[in-house]
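As provided, coords.cif (mmCIF, C-alpha atoms) reads as follows.
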```
data_model
#
loop_
_atom_site.group_PDB
_atom_site.id
_atom_site.type_symbol
_atom_site.label_atom_id
_atom_site.label_comp_id
_atom_site.auth_asym_id
_atom_site.auth_seq_id
_atom_site.Cartn_x
_atom_site.Cartn_y
_atom_site.Cartn_z
ATOM 1 C CA MET A 1 0.000 0.000 0.000
ATOM 2 C CA ALA A 2 2.897 2.357 0.722
ATOM 3 C CA ASP A 3 4.022 2.019 -2.887
ATOM 4 C CA GLU A 4 0.514 2.842 -4.123
ATOM 5 C CA LEU A 5 0.279 5.903 -1.876
ATOM 6 C CA GLU A 6 3.665 7.144 -3.031
ATOM 7 C CA LEU A 7 2.614 6.568 -6.622
ATOM 8 C CA LEU A 8 -0.582 8.524 -5.999
ATOM 9 C CA ARG A 9 1.396 11.337 -4.355
ATOM 10 C CA ARG A 10 3.696 11.614 -7.368
ATOM 11 C CA ALA A 11 0.876 11.369 -9.923
ATOM 12 C CA ASN A 12 1.340 13.414 -13.069
ATOM 13 C CA PRO A 13 -0.244 15.107 -14.936
ATOM 14 C CA VAL A 14 -1.864 17.441 -12.409
ATOM 15 C CA PRO A 15 -4.136 20.388 -13.076
ATOM 16 C CA VAL A 16 -2.162 23.419 -14.223
ATOM 17 C CA ASP A 17 -4.319 25.603 -11.998
ATOM 18 C CA GLY A 18 -4.333 23.227 -9.020
ATOM 19 C CA PRO A 19 -1.865 21.973 -6.382
ATOM 20 C CA HIS A 20 1.262 20.184 -7.604
ATOM 21 C CA TYR A 21 2.574 17.096 -5.847
ATOM 22 C CA GLY A 22 4.787 15.660 -8.543
ATOM 23 C CA ASP A 23 8.503 14.954 -8.550
ATOM 24 C CA GLY A 24 8.388 14.669 -12.342
ATOM 25 C CA PRO A 25 6.513 12.589 -14.898
ATOM 26 C CA LEU A 26 5.772 8.935 -14.205
ATOM 27 C CA ASP A 27 7.239 6.242 -16.368
ATOM 28 C CA HIS A 28 4.938 4.135 -18.533
ATOM 29 C CA ASP A 29 4.517 1.293 -16.024
ATOM 30 C CA ALA A 30 3.813 3.644 -13.125
ATOM 31 C CA GLU A 31 1.220 5.564 -15.119
ATOM 32 C CA ARG A 32 -0.626 2.371 -15.952
ATOM 33 C CA ARG A 33 -0.568 1.308 -12.275
ATOM 34 C CA LEU A 34 -1.843 4.703 -11.162
ATOM 35 C CA ASN A 35 -4.608 4.627 -13.760
ATOM 36 C CA ARG A 36 -5.659 1.215 -12.445
ATOM 37 C CA LEU A 37 -5.728 2.520 -8.841
ATOM 38 C CA LEU A 38 -7.828 5.532 -9.795
ATOM 39 C CA HIS A 39 -10.359 3.735 -11.973
ATOM 40 C CA GLU A 40 -10.560 0.143 -10.770
ATOM 41 C CA ARG A 41 -14.116 -0.936 -9.949
ATOM 42 C CA PRO A 42 -15.426 -3.981 -8.111
ATOM 43 C CA LYS A 43 -16.717 -6.781 -10.313
ATOM 44 C CA GLY A 44 -20.437 -7.167 -10.884
ATOM 45 C CA ARG A 45 -22.764 -4.200 -10.740
ATOM 46 C CA ARG A 46 -20.963 -0.907 -10.395
ATOM 47 C CA ARG A 47 -22.034 0.713 -7.143
ATOM 48 C CA THR A 48 -22.295 4.317 -8.220
ATOM 49 C CA ARG A 49 -23.788 5.486 -4.968
ATOM 50 C CA VAL A 50 -21.577 6.844 -2.200
ATOM 51 C CA VAL A 51 -22.139 5.375 1.264
ATOM 52 C CA TRP A 52 -20.943 8.101 3.572
ATOM 53 C CA SER A 53 -19.233 7.534 6.918
ATOM 54 C CA LEU A 54 -21.109 8.907 9.923
ATOM 55 C CA ALA A 55 -18.359 11.426 10.631
ATOM 56 C CA ALA A 56 -18.562 12.910 7.138
ATOM 57 C CA THR A 57 -22.316 12.689 6.614
ATOM 58 C CA ALA A 58 -23.221 16.129 7.943
ATOM 59 C CA VAL A 59 -20.523 17.927 5.945
ATOM 60 C CA VAL A 60 -21.239 16.094 2.700
ATOM 61 C CA ALA A 61 -24.998 16.435 3.043
ATOM 62 C CA ALA A 62 -24.699 20.173 3.697
ATOM 63 C CA THR A 63 -22.468 20.590 0.636
ATOM 64 C CA ALA A 64 -24.838 18.527 -1.483
ATOM 65 C CA LEU A 65 -27.862 20.532 -0.421
ATOM 66 C CA THR A 66 -26.038 23.798 -1.138
ATOM 67 C CA LEU A 67 -25.267 22.592 -4.654
ATOM 68 C CA LEU A 68 -28.737 21.217 -5.240
ATOM 69 C CA LEU A 69 -30.896 23.843 -3.637
ATOM 70 C CA GLY A 70 -28.774 26.959 -4.147
ATOM 71 C CA GLY A 71 -28.875 28.182 -0.540
ATOM 72 C CA PRO A 72 -31.086 28.242 2.555
ATOM 73 C CA SER A 73 -33.650 30.661 1.086
ATOM 74 C CA THR A 74 -34.344 28.554 -1.997
ATOM 75 C CA THR A 75 -37.509 26.464 -2.194
ATOM 76 C CA PRO A 76 -36.512 22.797 -1.848
ATOM 77 C CA ALA A 77 -36.595 20.778 -5.068
ATOM 78 C CA VAL A 78 -36.343 17.086 -5.845
ATOM 79 C CA ALA A 79 -33.244 16.287 -7.892
ATOM 80 C CA ALA A 80 -33.840 12.573 -8.384
ATOM 81 C CA PRO A 81 -35.145 11.824 -11.879
ATOM 82 C CA ARG A 82 -37.951 9.341 -12.438
ATOM 83 C CA PRO A 83 -37.127 6.104 -14.288
ATOM 84 C CA LEU A 84 -37.435 6.294 -18.050
ATOM 85 C CA VAL A 85 -40.656 4.768 -19.384
ATOM 86 C CA VAL A 86 -40.815 2.656 -22.537
ATOM 87 C CA GLN A 87 -43.468 3.825 -25.016
ATOM 88 C CA ALA A 88 -46.302 1.320 -24.704
ATOM 89 C CA ASP A 89 -47.127 0.969 -28.420
ATOM 90 C CA SER A 90 -43.521 0.934 -29.687
ATOM 91 C CA THR A 91 -41.903 -2.019 -31.425
ATOM 92 C CA PRO A 92 -38.664 -3.353 -29.905
ATOM 93 C CA VAL A 93 -35.784 -3.430 -32.388
ATOM 94 C CA PRO A 94 -33.379 -6.377 -32.001
ATOM 95 C CA LEU A 95 -29.816 -5.268 -31.309
ATOM 96 C CA GLN A 96 -28.498 -7.088 -34.355
ATOM 97 C CA GLU A 97 -30.908 -5.164 -36.595
ATOM 98 C CA LEU A 98 -29.816 -1.890 -35.005
ATOM 99 C CA ALA A 99 -26.156 -2.897 -35.441
ATOM 100 C CA ASP A 100 -26.766 -3.602 -39.144
ATOM 101 C CA ARG A 101 -28.343 -0.162 -39.566
ATOM 102 C CA ALA A 102 -25.397 1.449 -37.801
ATOM 103 C CA GLN A 103 -22.934 -0.350 -40.053
ATOM 104 C CA ARG A 104 -24.669 1.031 -43.149
ATOM 105 C CA GLN A 105 -24.661 4.567 -41.706
ATOM 106 C CA ALA A 106 -20.958 4.359 -40.866
ATOM 107 C CA THR A 107 -19.990 4.440 -44.556
ATOM 108 C CA ALA A 108 -21.618 7.818 -45.241
ATOM 109 C CA GLU A 109 -19.217 10.655 -46.068
ATOM 110 C CA SER A 110 -20.948 12.944 -43.577
ATOM 111 C CA ALA A 111 -20.752 10.415 -40.738
ATOM 112 C CA PRO A 112 -19.356 11.822 -37.453
ATOM 113 C CA GLN A 113 -15.734 11.042 -36.565
ATOM 114 C CA LEU A 114 -14.116 9.781 -33.383
ATOM 115 C CA ARG A 115 -13.107 12.539 -30.961
ATOM 116 C CA LYS A 116 -11.255 12.304 -27.667
ATOM 117 C CA GLY A 117 -13.170 13.978 -24.867
ATOM 118 C CA THR A 118 -16.736 13.819 -23.635
ATOM 119 C CA HIS A 119 -19.856 15.853 -22.867
ATOM 120 C CA VAL A 120 -22.035 14.018 -20.359
ATOM 121 C CA GLN A 121 -24.837 14.837 -17.968
ATOM 122 C CA SER A 122 -25.207 12.488 -15.032
ATOM 123 C CA TRP A 123 -27.129 11.800 -11.843
ATOM 124 C CA SER A 124 -25.727 9.644 -9.039
ATOM 125 C CA MET A 125 -27.284 8.818 -5.686
ATOM 126 C CA GLY A 126 -25.452 9.426 -2.426
ATOM 127 C CA MET A 127 -26.739 7.468 0.570
ATOM 128 C CA SER A 128 -26.163 7.190 4.279
ATOM 129 C CA ASP A 129 -27.745 5.030 6.953
ATOM 130 C CA ALA A 130 -28.440 8.250 8.913
ATOM 131 C CA LYS A 131 -29.688 10.645 6.205
ATOM 132 C CA PRO A 132 -32.192 10.429 3.331
ATOM 133 C CA PRO A 133 -30.692 9.699 -0.110
ATOM 134 C CA VAL A 134 -29.499 12.724 -2.082
ATOM 135 C CA THR A 135 -29.148 12.666 -5.871
ATOM 136 C CA LEU A 136 -26.228 14.714 -7.165
ATOM 137 C CA PRO A 137 -26.731 15.874 -10.772
ATOM 138 C CA GLU A 138 -23.831 17.291 -12.727
ATOM 139 C CA GLU A 139 -22.671 18.002 -16.240
ATOM 140 C CA ARG A 140 -19.108 17.562 -17.435
ATOM 141 C CA VAL A 141 -17.305 18.632 -20.605
ATOM 142 C CA VAL A 142 -13.783 17.394 -21.335
ATOM 143 C CA ARG A 143 -11.966 18.717 -24.402
ATOM 144 C CA TRP A 144 -8.513 17.703 -25.653
ATOM 145 C CA LYS A 145 -6.185 19.987 -27.568
ATOM 146 C CA ALA A 146 -3.656 19.241 -30.297
ATOM 147 C CA ASP A 147 -0.726 19.436 -27.871
ATOM 148 C CA GLY A 148 -2.131 16.652 -25.683
ATOM 149 C CA SER A 149 -3.428 18.942 -22.930
ATOM 150 C CA HIS A 150 -7.085 18.995 -21.963
ATOM 151 C CA THR A 151 -9.647 21.008 -20.051
ATOM 152 C CA GLU A 152 -12.486 19.856 -17.807
ATOM 153 C CA LEU A 153 -15.520 21.857 -16.741
ATOM 154 C CA VAL A 154 -17.984 20.411 -14.220
ATOM 155 C CA VAL A 155 -21.175 22.142 -13.116
ATOM 156 C CA ALA A 156 -24.095 21.215 -10.887
ATOM 157 C CA THR A 157 -27.326 21.116 -12.870
ATOM 158 C CA ASP A 158 -30.536 22.769 -11.687
ATOM 159 C CA PRO A 159 -32.509 20.146 -9.723
ATOM 160 C CA GLN A 160 -35.789 21.922 -10.468
ATOM 161 C CA HIS A 161 -35.246 21.108 -14.164
ATOM 162 C CA PRO A 162 -33.609 17.644 -14.225
ATOM 163 C CA GLY A 163 -32.334 16.762 -17.673
ATOM 164 C CA ARG A 164 -31.988 20.319 -18.998
ATOM 165 C CA PRO A 165 -28.383 20.971 -20.101
ATOM 166 C CA VAL A 166 -26.715 23.980 -18.553
ATOM 167 C CA LEU A 167 -23.784 24.000 -20.968
ATOM 168 C CA ARG A 168 -23.673 24.787 -24.660
ATOM 169 C CA ASP A 169 -20.938 23.048 -26.619
ATOM 170 C CA ASP A 170 -20.535 24.400 -30.146
ATOM 171 C CA GLY A 171 -17.054 23.033 -30.739
ATOM 172 C CA GLY A 172 -15.388 25.908 -28.902
ATOM 173 C CA ASP A 173 -14.998 26.477 -25.189
ATOM 174 C CA PRO A 174 -18.024 25.221 -23.210
ATOM 175 C CA HIS A 175 -20.023 28.022 -21.589
ATOM 176 C CA LEU A 176 -22.969 28.306 -19.250
ATOM 177 C CA VAL A 177 -26.354 29.039 -20.765
ATOM 178 C CA GLU A 178 -28.597 28.419 -17.744
ATOM 179 C CA ASP A 179 -28.211 28.841 -14.032
ATOM 180 C CA GLY A 180 -25.669 26.341 -12.688
ATOM 181 C CA HIS A 181 -23.069 26.098 -10.001
ATOM 182 C CA VAL A 182 -19.520 25.569 -11.321
ATOM 183 C CA ILE A 183 -18.038 22.699 -9.337
ATOM 184 C CA SER A 184 -14.631 22.781 -11.006
ATOM 185 C CA ARG A 185 -12.836 24.232 -13.998
ATOM 186 C CA GLN A 186 -9.383 22.775 -14.624
ATOM 187 C CA THR A 187 -6.697 22.636 -17.291
ATOM 188 C CA TYR A 188 -4.367 19.647 -17.471
ATOM 189 C CA PRO A 189 -0.920 19.620 -19.117
ATOM 190 C CA PRO A 190 -0.019 17.249 -21.991
ATOM 191 C CA SER A 191 -0.031 13.571 -21.052
ATOM 192 C CA TRP A 192 0.377 10.263 -22.831
ATOM 193 C CA SER A 193 -0.878 6.724 -22.443
ATOM 194 C CA ASP A 194 -1.336 3.831 -24.850
ATOM 195 C CA ALA A 195 -3.535 1.824 -22.443
ATOM 196 C CA PRO A 196 -7.325 1.681 -22.682
ATOM 197 C CA PRO A 197 -9.386 3.782 -22.210
ATOM 198 C CA GLU A 198 -6.823 6.480 -23.075
ATOM 199 C CA SER A 199 -5.900 4.857 -26.399
ATOM 200 C CA PRO A 200 -8.374 5.061 -29.331
ATOM 201 C CA PRO A 201 -10.954 2.226 -29.406
ATOM 202 C CA PRO A 202 -10.558 -0.284 -32.281
ATOM 203 C CA ASN A 203 -13.056 -0.806 -35.102
ATOM 204 C CA ASP A 204 -13.406 -4.556 -34.725
ATOM 205 C CA PRO A 205 -15.818 -6.229 -32.256
ATOM 206 C CA ALA A 206 -13.340 -8.850 -31.016
ATOM 207 C CA ARG A 207 -10.581 -6.296 -30.508
ATOM 208 C CA LEU A 208 -13.055 -3.880 -28.910
ATOM 209 C CA ARG A 209 -14.063 -6.568 -26.401
ATOM 210 C CA ALA A 210 -10.402 -7.063 -25.483
ATOM 211 C CA TYR A 211 -9.988 -3.271 -25.249
ATOM 212 C CA LEU A 212 -12.945 -2.955 -22.861
ATOM 213 C CA GLN A 213 -11.682 -5.890 -20.836
ATOM 214 C CA GLU A 214 -8.338 -4.154 -20.392
ATOM 215 C CA ALA A 215 -10.102 -0.893 -19.523
ATOM 216 C CA ALA A 216 -11.966 -2.827 -16.790
ATOM 217 C CA TYR A 217 -8.654 -4.246 -15.475
ATOM 218 C CA THR A 218 -9.683 -7.875 -15.670
ATOM 219 C CA HIS A 219 -8.205 -10.929 -17.380
ATOM 220 C CA THR A 220 -11.521 -12.763 -17.597
ATOM 221 C CA ARG A 221 -14.374 -12.352 -20.055
ATOM 222 C CA LEU A 222 -16.656 -9.500 -19.050
ATOM 223 C CA THR A 223 -20.124 -10.294 -17.751
ATOM 224 C CA THR A 224 -22.977 -8.207 -19.116
ATOM 225 C CA PRO A 225 -23.006 -5.774 -16.141
ATOM 226 C CA GLU A 226 -19.219 -5.439 -16.361
ATOM 227 C CA LEU A 227 -19.440 -4.833 -20.100
ATOM 228 C CA LEU A 228 -22.003 -2.054 -19.592
ATOM 229 C CA ASP A 229 -19.745 -0.483 -16.961
ATOM 230 C CA ALA A 230 -16.807 -0.650 -19.367
ATOM 231 C CA VAL A 231 -18.915 0.999 -22.092
ATOM 232 C CA ALA A 232 -19.614 3.859 -19.672
ATOM 233 C CA VAL A 233 -15.884 4.210 -18.992
ATOM 234 C CA LEU A 234 -15.231 4.333 -22.750
ATOM 235 C CA LEU A 235 -17.879 7.025 -23.312
ATOM 236 C CA ASP A 236 -16.519 9.076 -20.403
ATOM 237 C CA HIS A 237 -13.232 9.308 -22.365
ATOM 238 C CA TRP A 238 -14.283 9.324 -26.043
ATOM 239 C CA THR A 239 -17.056 10.727 -28.224
ATOM 240 C CA LEU A 240 -17.489 7.876 -30.676
ATOM 241 C CA GLY A 241 -17.669 8.341 -34.424
ATOM 242 C CA ALA A 242 -20.050 6.429 -36.676
ATOM 243 C CA ARG A 243 -17.623 3.540 -37.246
ATOM 244 C CA GLU A 244 -16.908 3.123 -33.536
ATOM 245 C CA SER A 245 -20.613 3.290 -32.653
ATOM 246 C CA ALA A 246 -21.364 0.609 -35.255
ATOM 247 C CA THR A 247 -18.576 -1.587 -33.863
ATOM 248 C CA LEU A 248 -19.886 -1.185 -30.326
ATOM 249 C CA ALA A 249 -23.441 -1.980 -31.458
ATOM 250 C CA GLY A 250 -22.158 -5.127 -33.142
ATOM 251 C CA LEU A 251 -20.424 -6.172 -29.932
ATOM 252 C CA LEU A 252 -23.508 -5.496 -27.808
ATOM 253 C CA ALA A 253 -25.685 -7.482 -30.227
ATOM 254 C CA GLY A 254 -24.123 -10.686 -28.907
ATOM 255 C CA THR A 255 -24.469 -9.746 -25.233
ATOM 256 C CA GLU A 256 -26.336 -12.208 -23.036
ATOM 257 C CA GLY A 257 -29.389 -10.926 -21.189
ATOM 258 C CA LEU A 258 -29.592 -7.546 -22.936
ATOM 259 C CA ARG A 259 -33.106 -7.574 -24.410
ATOM 260 C CA PRO A 260 -34.921 -5.001 -26.594
ATOM 261 C CA VAL A 261 -37.946 -3.403 -24.893
ATOM 262 C CA GLY A 262 -39.030 -0.592 -27.222
ATOM 263 C CA GLN A 263 -38.712 3.151 -27.717
ATOM 264 C CA VAL A 264 -37.999 5.737 -25.024
ATOM 265 C CA THR A 265 -37.468 9.490 -24.915
ATOM 266 C CA ASP A 266 -34.358 10.197 -22.905
ATOM 267 C CA ARG A 267 -33.784 13.037 -20.441
ATOM 268 C CA LEU A 268 -32.482 15.308 -23.174
ATOM 269 C CA GLY A 269 -35.576 14.803 -25.319
ATOM 270 C CA ARG A 270 -33.906 12.374 -27.742
ATOM 271 C CA ARG A 271 -35.737 9.301 -29.015
ATOM 272 C CA GLY A 272 -33.899 6.028 -28.743
ATOM 273 C CA GLN A 273 -34.289 2.279 -28.586
ATOM 274 C CA ALA A 274 -34.015 0.802 -25.091
ATOM 275 C CA TYR A 275 -32.309 -2.452 -24.114
ATOM 276 C CA GLU A 276 -32.635 -3.805 -20.572
ATOM 277 C CA TYR A 277 -30.648 -6.118 -18.352
ATOM 278 C CA GLU A 278 -32.217 -7.467 -15.152
ATOM 279 C CA GLY A 279 -29.849 -8.022 -12.236
ATOM 280 C CA ALA A 280 -30.284 -8.925 -8.585
ATOM 281 C CA GLY A 281 -32.259 -5.985 -7.185
ATOM 282 C CA TYR A 282 -31.565 -3.622 -10.077
ATOM 283 C CA ARG A 283 -32.282 -3.004 -13.752
ATOM 284 C CA ARG A 284 -29.940 -1.459 -16.315
ATOM 285 C CA MET A 285 -31.356 0.317 -19.365
ATOM 286 C CA LEU A 286 -29.138 1.125 -22.330
ATOM 287 C CA ILE A 287 -30.536 3.750 -24.742
ATOM 288 C CA MET A 288 -29.233 3.781 -28.313
ATOM 289 C CA GLN A 289 -29.877 6.011 -31.321
ATOM 290 C CA PRO A 290 -32.038 3.930 -33.717
ATOM 291 C CA SER A 291 -30.195 4.616 -36.988
ATOM 292 C CA THR A 292 -26.560 5.166 -35.968
ATOM 293 C CA GLY A 293 -26.303 2.836 -32.974
ATOM 294 C CA ALA A 294 -24.747 5.619 -30.869
ATOM 295 C CA VAL A 295 -25.190 5.114 -27.120
ATOM 296 C CA LEU A 296 -27.306 7.962 -25.764
ATOM 297 C CA GLY A 297 -27.629 6.937 -22.135
ATOM 298 C CA LEU A 298 -27.362 4.307 -19.426
ATOM 299 C CA GLU A 299 -29.708 4.096 -16.427
ATOM 300 C CA THR A 300 -29.651 1.960 -13.283
ATOM 301 C CA VAL A 301 -32.891 1.591 -11.296
ATOM 302 C CA PHE A 302 -33.497 -0.237 -8.021
ATOM 303 C CA THR A 303 -36.065 -3.026 -8.378
ATOM 304 C CA LYS A 304 -35.988 -3.893 -4.665
ATOM 305 C CA PRO A 305 -35.998 -1.511 -1.688
ATOM 306 C CA GLU A 306 -32.920 -1.016 0.475
ATOM 307 C CA HIS A 307 -34.558 0.123 3.683
ATOM 308 C CA GLU A 308 -31.337 0.797 5.556
ATOM 309 C CA TYR A 309 -30.561 3.578 3.060
ATOM 310 C CA GLY A 310 -34.112 4.845 2.565
ATOM 311 C CA VAL A 311 -34.201 3.538 -1.023
ATOM 312 C CA LYS A 312 -37.449 2.397 -2.622
ATOM 313 C CA ALA A 313 -38.045 0.110 -5.561
ATOM 314 C CA GLY A 314 -38.159 2.313 -8.667
ATOM 315 C CA ASP A 315 -35.581 4.833 -7.423
ATOM 316 C CA VAL A 316 -32.938 5.825 -9.975
ATOM 317 C CA GLU A 317 -29.488 4.925 -8.678
ATOM 318 C CA SER A 318 -27.598 6.524 -11.553
ATOM 319 C CA TYR A 319 -28.030 7.859 -15.052
ATOM 320 C CA SER A 320 -25.643 9.169 -17.698
ATOM 321 C CA ALA A 321 -26.602 10.938 -20.933
ATOM 322 C CA TRP A 322 -23.795 11.405 -23.476
ATOM 323 C CA MET A 323 -23.843 14.165 -26.084
ATOM 324 C CA ARG A 324 -21.701 15.178 -29.054
#
```
Final structure tokens representation of the file:
Amino acid sequence: MADELELLRRANPVPVDGPHYGDGPLDHDAERRLNRLLHERPKGRRRTRVVWSLAATAVVAATALTLLLGGPSTTPAVAAPRPLVVQADSTPVPLQELADRAQRQATAESAPQLRKGTHVQSWSMGMSDAKPPVTLPEERVVRWKADGSHTELVVATDPQHPGRPVLRDDGGDPHLVEDGHVISRQTYPPSWSDAPPESPPPNDPARLRAYLQEAAYTHTRLTTPELLDAVAVLLDHWTLGARESATLAGLLAGTEGLRPVGQVTDRLGRRGQAYEYEGAGYRRMLIMQPSTGAVLGLETVFTKPEHEYGVKAGDVESYSAWMR
């Protein structure tokens, strides 16, 4: 553990406008080890909620309420989104059919290209055994520059309007367009890595599976929940082009337990095809663009209550909506 802590202390790159702990850049092996420490997740369902310690509960809850409610004089609002609902009269589209459509779209001259960086709006539930659950919504834009440096802007979204973007991203610098609390704004110096998910994803389903497996830091074949978690990690690093989206759709088409359920309208007003996976006490819903196969969102909903945390069946544990 001492080695890991020393590695963490020496981590580079660091934000240009933040504190500096480094003794110099890490070598390739150390960077890979650090990346594994920072991003490694337990196997099985990713537990996106934060279970706070009793000592920290009051501080964290107060901070969360300040971000969500905007101050003591603001009328309280509910930040937790409701689960997405499948349109009752819609026809489910098999994943293989959607993958075939995506493959045809990928050959168009105007098809979007792969881009490093992401624009994502997310909700994640924080829970304590002493306080009611609090859903923390935020929006994050990461943009990479030609010199290998990148910027990251994170804001708290308005809980009275869940799902409404508070950033406009027109290819330039992201900027606020609605009320929103800026959580952080950082610039990072140039960095390098040839390990997934930092390296570009391949355009072959078998190689993409191996890529996602390496990104998940496992030597065994990914289960369906693990694969969905790895897809989220990929989309938090890259904005996929048409070819990459088609490749991912082809990979998902052979995924066990991921069944088509019909059409949904996501939290950004986009129509997509939904694919569900039922786990022990939870349900994952993957939302994909019908013609291009692009992943629009991923939702996790409790299907059983967890009384010790004040969680009811039907509560949204987490949701991510990716944008171009």
* For the file shown, report as a list in words the outcome of the PyMOL selection byres ((chain A and resi 151) around 9) at residue level. => Pro15, Val141, Val142, Arg143, Trp144, Lys145, Ser149, His150, Glu152, Leu153, Arg185, Gln186, Thr187, Tyr188 and Pro189 of chain A
* Asked: Can you tell me how far atom CA of A:His219 sits from atom CA of A:Ala206, in Å to one decimal?
  ->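 Result for atom CA of A:His219 versus atom CA of A:Ala206: 14.7 Å, one decimal.
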* Name the residues that the PyMOL selection byres ((chain A and resi 237-241) around 6) pulls out of this structure, and write them as a PyMOL selection string. => chain A and resi 112-118+234-236+242-245
* Tell me which of A:Arg207, A:Arg283, A:Arg221, A:His119 sits closest to A:Ala313, counting only C-alpha atoms. => A:Arg283
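With atom CA of A:Asp129 on one side and atom CA of A:Glu308 on the other, the separation reads 5.7 Å.
When only C-alpha atoms are used to compute distances to A:Ala102, the closest of the residues A:Gly262, A:Ser291, A:Leu228, A:Glu278 turns out to be A:Ser291.
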* Asked: So how far away is atom CA of A:Phe302 from atom CA of A:Leu248, in Å?
  ->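 Result for atom CA of A:Leu248 versus atom CA of A:Phe302: 26.1 Å, one decimal.
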* May I ask which of the residues A:Ser318, A:Thr157, A:Ser122, A:Ser199 is the closest one to A:Ile183, counting all atoms listed in the file? => A:Thr157
* To do: Return the single residue from A:Thr247, A:Gln263, A:Thr218, A:Ser90 that is closest to A:Pro290, with distances computed using only C-alpha atoms.
  =>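 Comparing A:Thr247, A:Gln263, A:Thr218, A:Ser90 against A:Pro290, the winner is A:Gln263.
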As a check of understanding, name the residues that the PyMOL selection byres ((chain A and resi 191) around 6) selects in the supplied structure, as a compact mmCIF listing (two decimals) with C-alpha atoms, in the coordinates of the input.
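Written out: part_24.txt:
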```
# COMPACT_ATOMS: atom_id res chain seq x y z
CA GLY A 148 -2.13 16.65 -25.68
CA PRO A 190 -0.02 17.25 -21.99
CA TRP A 192 0.38 10.26 -22.83
```
* To do: Point out the residue among A:Leu286, A:Val182, A:Ala210, A:Pro205 with the least atom-to-atom distance to A:Pro225, counting all atoms listed in the file.
  => A:Leu286
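In terms of minimum interatomic distance to A:Val154, A:Ser184 ranks closest within A:Val120, A:Pro137, A:Ser184, A:Glu299, counting all atoms listed in the file.
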* Which residues, written as a PyMOL selection string, have at least one atom at most 12 Å from A:Arg101, with all atoms listed in the file counted and residues fewer than 3 positions away on the same chain left out? -> chain A and resi 93-98+104-108+242-243+245-247+249-250+288-294
* Asked: Using all atoms listed in the file, what residues lie at most 6 Å away from (-23.0, 20.5, -16.0) (file coordinates), given as a VMD selection string?
  -> chain A and resid 138 to 140 154 to 157 166
